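Shown here: protein-v8.txt, compact mmCIF, C-alpha atoms and all ligand atoms.
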```txt
# COMPACT_ATOMS: atom_id res chain seq x y z
CA MET A 1 -15.47 8.23 0.68
CA MET A 2 -12.81 8.46 -1.93
CA SER A 3 -10.60 5.69 -3.22
CA GLU A 4 -6.87 6.08 -3.56
CA GLU A 5 -7.27 5.58 -7.31
CA GLU A 6 -9.70 8.47 -7.55
CA ALA A 7 -7.41 10.75 -5.52
CA ILE A 8 -4.55 9.91 -7.89
CA GLN A 9 -6.73 10.77 -10.88
CA LEU A 10 -7.59 14.15 -9.35
CA ILE A 11 -4.00 15.18 -8.66
CA LYS A 12 -2.55 13.71 -11.85
CA SER A 13 -3.29 16.71 -14.06
CA THR A 14 -1.69 19.24 -11.68
CA SER A 15 1.92 20.41 -11.40
CA LYS A 16 2.10 18.77 -7.97
CA TYR A 17 1.64 15.15 -9.07
CA ALA A 18 5.15 13.83 -8.36
CA HIS A 19 5.32 15.84 -5.13
CA ALA A 20 1.96 14.46 -3.98
CA LEU A 21 2.98 10.86 -4.70
CA LEU A 22 6.08 11.16 -2.54
CA VAL A 23 4.31 12.98 0.31
CA SER A 24 1.68 10.25 0.22
CA ALA A 25 4.22 7.40 0.20
CA ILE A 26 5.96 8.84 3.27
CA MET A 27 2.66 9.48 5.04
CA ALA A 28 1.68 5.83 4.46
CA GLU A 29 4.96 4.57 5.92
CA MET A 30 4.55 6.78 8.96
CA ALA A 31 0.97 5.67 9.50
CA LYS A 32 2.22 2.08 9.49
CA GLU A 33 4.98 2.93 11.95
CA LEU A 34 2.69 4.89 14.27
CA LYS A 35 -0.28 2.50 13.91
CA GLU A 36 -2.49 5.19 12.43
CA ASP A 37 -5.05 4.94 9.62
CA ILE A 38 -2.96 4.25 6.50
CA TRP A 39 -5.70 5.11 3.99
CA LEU A 40 -6.41 8.43 5.72
CA TRP A 41 -2.76 9.49 5.91
CA LYS A 42 -2.13 8.45 2.32
CA ILE A 43 -5.15 10.24 0.90
CA VAL A 44 -4.26 13.48 2.71
CA GLY A 45 -0.76 13.27 1.23
CA LEU A 46 -2.20 12.80 -2.25
CA LEU A 47 -4.70 15.65 -2.10
CA HIS A 48 -3.08 18.34 0.09
CA ASP A 49 -1.91 20.42 -2.90
CA LEU A 50 -4.87 19.82 -5.21
CA ASP A 51 -5.63 23.56 -5.49
CA TYR A 52 -1.99 24.66 -5.80
CA ASP A 53 -2.23 25.67 -9.48
CA GLU A 54 -5.71 27.05 -9.05
CA VAL A 55 -4.94 29.56 -6.26
CA LYS A 56 -2.13 31.07 -8.35
CA GLY A 57 0.07 32.14 -5.46
CA ASP A 58 -2.76 33.38 -3.23
CA MET A 59 -1.55 31.18 -0.39
CA GLN A 60 -4.18 32.28 2.10
CA LYS A 61 -6.59 30.23 0.02
CA HIS A 62 -4.23 27.27 -0.44
CA GLY A 63 -5.89 24.16 0.98
CA ILE A 64 -9.08 26.07 1.71
CA VAL A 65 -10.25 25.73 -1.90
CA THR A 66 -9.55 21.98 -1.81
CA ALA A 67 -11.32 21.64 1.54
CA GLU A 68 -14.39 23.35 0.13
CA LYS A 69 -14.39 21.04 -2.90
CA LEU A 70 -13.86 17.78 -1.04
CA LYS A 71 -15.64 18.32 2.26
CA GLU A 72 -18.47 15.94 1.35
CA ARG A 73 -16.08 13.25 0.13
CA LEU A 74 -13.46 13.05 2.88
CA PRO A 75 -13.52 12.61 6.65
CA GLU A 76 -13.42 15.86 8.62
CA LYS A 77 -9.94 15.04 9.94
CA ALA A 78 -8.57 14.88 6.39
CA VAL A 79 -10.24 18.15 5.38
CA TYR A 80 -8.79 19.88 8.45
CA ALA A 81 -5.26 18.61 7.81
CA ILE A 82 -5.42 19.92 4.23
CA LYS A 83 -6.57 23.35 5.45
CA ALA A 84 -3.83 23.50 8.12
CA HIS A 85 -0.87 22.31 6.02
CA ASP A 86 0.21 25.77 4.87
CA TYR A 87 0.68 28.25 7.74
CA ARG A 88 -0.46 31.11 5.49
CA THR A 89 -4.11 30.04 5.84
CA GLY A 90 -3.90 30.73 9.57
CA VAL A 91 -5.55 27.36 10.33
CA LYS A 92 -3.63 25.88 13.26
CA PRO A 93 -2.43 22.26 13.15
CA LYS A 94 -3.82 20.18 16.03
CA SER A 95 -3.73 16.43 15.41
CA LYS A 96 -0.84 14.07 14.71
CA LEU A 97 -2.12 13.88 11.15
CA ASP A 98 -1.96 17.68 10.74
CA LYS A 99 1.59 17.84 12.06
CA ALA A 100 2.75 14.81 10.08
CA LEU A 101 1.50 16.40 6.85
CA ILE A 102 3.31 19.67 7.63
CA ALA A 103 6.60 17.95 8.43
CA THR A 104 6.40 15.63 5.42
CA ASP A 105 5.46 18.40 3.01
CA SER A 106 8.56 20.39 4.01
CA ALA A 107 10.75 17.28 4.00
CA VAL A 108 9.66 16.54 0.42
CA VAL A 109 10.41 20.11 -0.68
CA ILE A 110 13.94 19.61 0.68
CA ILE A 111 14.26 16.20 -1.03
CA GLU A 112 13.20 17.81 -4.31
CA LYS A 113 16.01 20.37 -3.96
CA ILE A 114 18.55 17.60 -3.34
CA MET A 115 17.32 15.60 -6.34
CA LYS A 116 17.35 18.69 -8.55
CA ALA A 117 20.96 19.37 -7.57
CA LYS A 118 21.69 15.71 -8.43
CA LYS A 119 23.17 15.12 -4.99
CA GLU A 120 22.94 11.81 -3.19
CA LEU A 121 20.14 11.64 -0.66
CA THR A 122 21.56 10.79 2.78
CA VAL A 123 20.86 11.99 6.32
CA LYS A 124 23.89 14.23 5.92
CA THR A 125 22.85 15.91 2.65
CA PHE A 126 19.31 16.15 4.01
CA GLN A 127 20.47 18.03 7.10
CA ALA A 128 22.76 20.28 5.08
CA GLU A 129 19.92 21.19 2.72
CA ILE A 130 17.56 21.89 5.66
CA THR A 131 20.13 24.31 7.08
CA LYS A 132 20.59 25.95 3.69
CA ALA A 133 16.83 26.29 3.11
CA SER A 134 16.30 27.75 6.58
CA LYS A 135 18.07 30.91 5.45
CA THR A 136 15.47 31.76 2.82
CA THR A 137 12.41 29.75 3.79
CA SER A 138 12.66 29.56 7.57
CA TRP A 139 9.56 27.45 8.09
CA HIS A 140 10.91 24.23 6.57
CA LYS A 141 13.29 23.60 9.45
CA SER A 142 10.69 24.15 12.16
CA ASN A 143 8.10 22.15 10.20
CA ILE A 144 10.44 19.17 9.96
CA ALA A 145 11.35 19.48 13.65
CA ARG A 146 7.68 18.86 14.47
CA CYS A 147 8.26 15.14 13.87
CA VAL A 148 8.89 14.71 17.60
CA GLU A 149 5.36 15.98 18.23
CA PHE A 150 3.88 12.98 16.40
CA GLY A 151 6.25 10.40 17.81
CA LEU A 152 9.35 10.17 15.59
CA SER A 153 12.85 11.38 16.40
CA LEU A 154 14.41 13.65 13.77
CA ASN A 155 16.82 10.96 12.72
CA LYS A 156 14.10 8.35 12.38
CA PHE A 157 11.88 10.73 10.44
CA LEU A 158 14.61 11.71 7.97
CA GLN A 159 15.58 8.08 7.49
CA LEU A 160 11.99 7.10 6.82
CA CYS A 161 11.67 9.91 4.26
CA ILE A 162 14.89 8.81 2.55
CA ASN A 163 13.75 5.19 2.37
CA SER A 164 10.38 6.12 0.86
CA ALA A 165 12.02 8.48 -1.65
CA LYS A 166 14.42 5.78 -2.76
CA GLU A 167 11.68 3.18 -3.07
CA SER A 168 9.39 5.42 -5.09
CA GLU A 169 12.23 6.32 -7.46
CA VAL A 170 12.46 2.80 -8.88
FE FE B 1 0.85 23.02 -0.15
FE FE B 2 2.91 20.08 -0.72
```

Have the structure of the file written as structure tokens, please.
Amino acid sequence: MMSEEEAIQLIKSTSKYAHALLVSAIMAEMAKELKEDIWLWKIVGLLHDLDYDEVKGDMQKHGIVTAEKLKERLPEKAVYAIKAHDYRTGVKPKSKLDKALIATDSAVVIIEKIMKAKKELTVKTFQAEITKASKTTSWHKSNIARCVEFGLSLNKFLQLCINSAKESEV
């Protein structure tokens, strides 16, 4: 099994470090809320994009390379969620964990756009940015809407993402 510290060390040298930290923080909060395994949800958030730089845009391999590397070190559930987080691998999400990672990953991409534009992060700006993004990258909206499938209303999910983003900023 892998410690959180070790997962952080692995992701630290990649371009996805800040992104992974926020995905992981939100996943941990959700696991708490939903009474799921906090360590498992956090570790999946930290490692889901480990191969992002390595696959160089070949998104069919994104997550698959990480799964191959870490399959001996992580529970099967975690390896599956990593493989299923990007629809371009064709691996279908099944569990709450799989769906939570997909929704959170897209939510964090949206948050990053809001931060980059130096706009305030509120439910309103969040929803506006989701609508805007849905014109070019249609999957973000439907990914985020999956929150109801793992037990959170859209409003609750967005609020939880906002709170985690604000906490991890300080
Ligand atoms: Fe990814
Ligand atoms: Fe990601």

So, with only C-alpha atoms as the atoms that count, which of A:Val109, A:Leu158, A:Val123, A:Ala78 lies closest to Asp37 (chain A)?
A:Ala78

Grab the CA of Gln159 (chain A) to CA of Asp86 (chain A) distance for me, in Å with one decimal place.
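Between CA of Gln159 (chain A) and CA of Asp86 (chain A) the gap works out to 23.6 Å.
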
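Between CA of Gln60 (chain A) and CA of Tyr87 (chain A) lies a distance of 8.5 Å.
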
Give me, as a ChimeraX atom specification, all polymer residues having an atom no more than 12 Å from Lys156 (chain A), counting only C-alpha atoms and skipping those fewer than 2 positions away in the same chain.
/A:29-30,33,123,144-145,147-148,150-154,158-163

Non-local contacts of His62 (chain A) (10 Å; only C-alpha atoms; under 5 positions in same chain excluded) as a PyMOL selection string
chain A and resi 48-57+67+82-89

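Where the distance criterion is 8 Å and the atoms used are only C-alpha atoms and all ligand atoms, the residues close to ligand FE 2 (chain B) are A:Lys16, A:His19, A:Ala20, A:Val23, A:Gly45, A:His48, A:Asp49, A:Asp105, A:Ser106, A:Val108, A:Val109.
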
Using all atoms listed in the file, can you tell me which of A:Met27, A:Leu46, A:Ala18, A:Ile38 comes closest to Glu6 (chain A)?
A:Leu46

Rounded to one decimal in Å, what is the spacing between CA of Asp98 (chain A) and CA of Lys124 (chain A)?
26.5 Å

Just want the 12 Å neighbourhood of Met115 (chain A), counted on all atoms listed in the file, with same-chain residues fewer than 2 positions away dropped. Output as a PyMOL selection string.
chain A and resi 108-113+117-122+125-126+129+162+165-166+169

Write the residues you've just listed into a file as an mmCIF file, keeping the file's coordinate frame, and include C-alpha atoms for each of them.
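Now in selection22.cif:
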```cif
data_model
loop_
_atom_site.group_PDB
_atom_site.id
_atom_site.type_symbol
_atom_site.label_atom_id
_atom_site.label_comp_id
_atom_site.auth_asym_id
_atom_site.auth_seq_id
_atom_site.Cartn_x
_atom_site.Cartn_y
_atom_site.Cartn_z
ATOM 1 C CA VAL A 108 9.660 16.540 0.420
ATOM 2 C CA VAL A 109 10.410 20.110 -0.680
ATOM 3 C CA ILE A 110 13.940 19.610 0.680
ATOM 4 C CA ILE A 111 14.260 16.200 -1.030
ATOM 5 C CA GLU A 112 13.200 17.810 -4.310
ATOM 6 C CA LYS A 113 16.010 20.370 -3.960
ATOM 7 C CA ALA A 117 20.960 19.370 -7.570
ATOM 8 C CA LYS A 118 21.690 15.710 -8.430
ATOM 9 C CA LYS A 119 23.170 15.120 -4.990
ATOM 10 C CA GLU A 120 22.940 11.810 -3.190
ATOM 11 C CA LEU A 121 20.140 11.640 -0.660
ATOM 12 C CA THR A 122 21.560 10.790 2.780
ATOM 13 C CA THR A 125 22.850 15.910 2.650
ATOM 14 C CA PHE A 126 19.310 16.150 4.010
ATOM 15 C CA GLU A 129 19.920 21.190 2.720
ATOM 16 C CA ILE A 162 14.890 8.810 2.550
ATOM 17 C CA ALA A 165 12.020 8.480 -1.650
ATOM 18 C CA LYS A 166 14.420 5.780 -2.760
ATOM 19 C CA GLU A 169 12.230 6.320 -7.460
#
```

For Arg73 (chain A), the closest of A:Met1, A:Ala25, A:Leu97, A:Ile114 counting only C-alpha atoms is A:Met1

Centre and edge lengths of an axis-aligned box around all listed atoms of region 65-78 of chain A, with 4 Å added on each side, are to be given in Å to one decimal, as lines of an AutoDock Vina configuration file.
```
center_x = -13.5
center_y = 19.2
center_z = 3.5
size_x = 17.9
size_y = 21.1
size_z = 20.8
```

Using only C-alpha atoms, which residue out of A:Lys42, A:Lys61, A:Lys32, A:Arg146 lies closest to Glu4 (chain A)?
A:Lys42

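Among the candidates A:Lys141, A:Met2, A:Lys116, A:Ile26, the residue lying nearest to Ala128 (chain A) is A:Lys141 (atoms considered: only C-alpha atoms).
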
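Nearest residue to ligand FE 1 (chain B) among A:Ala133, A:Leu101, A:Ala7, A:Leu21 is A:Leu101, counting all atoms listed in the file.
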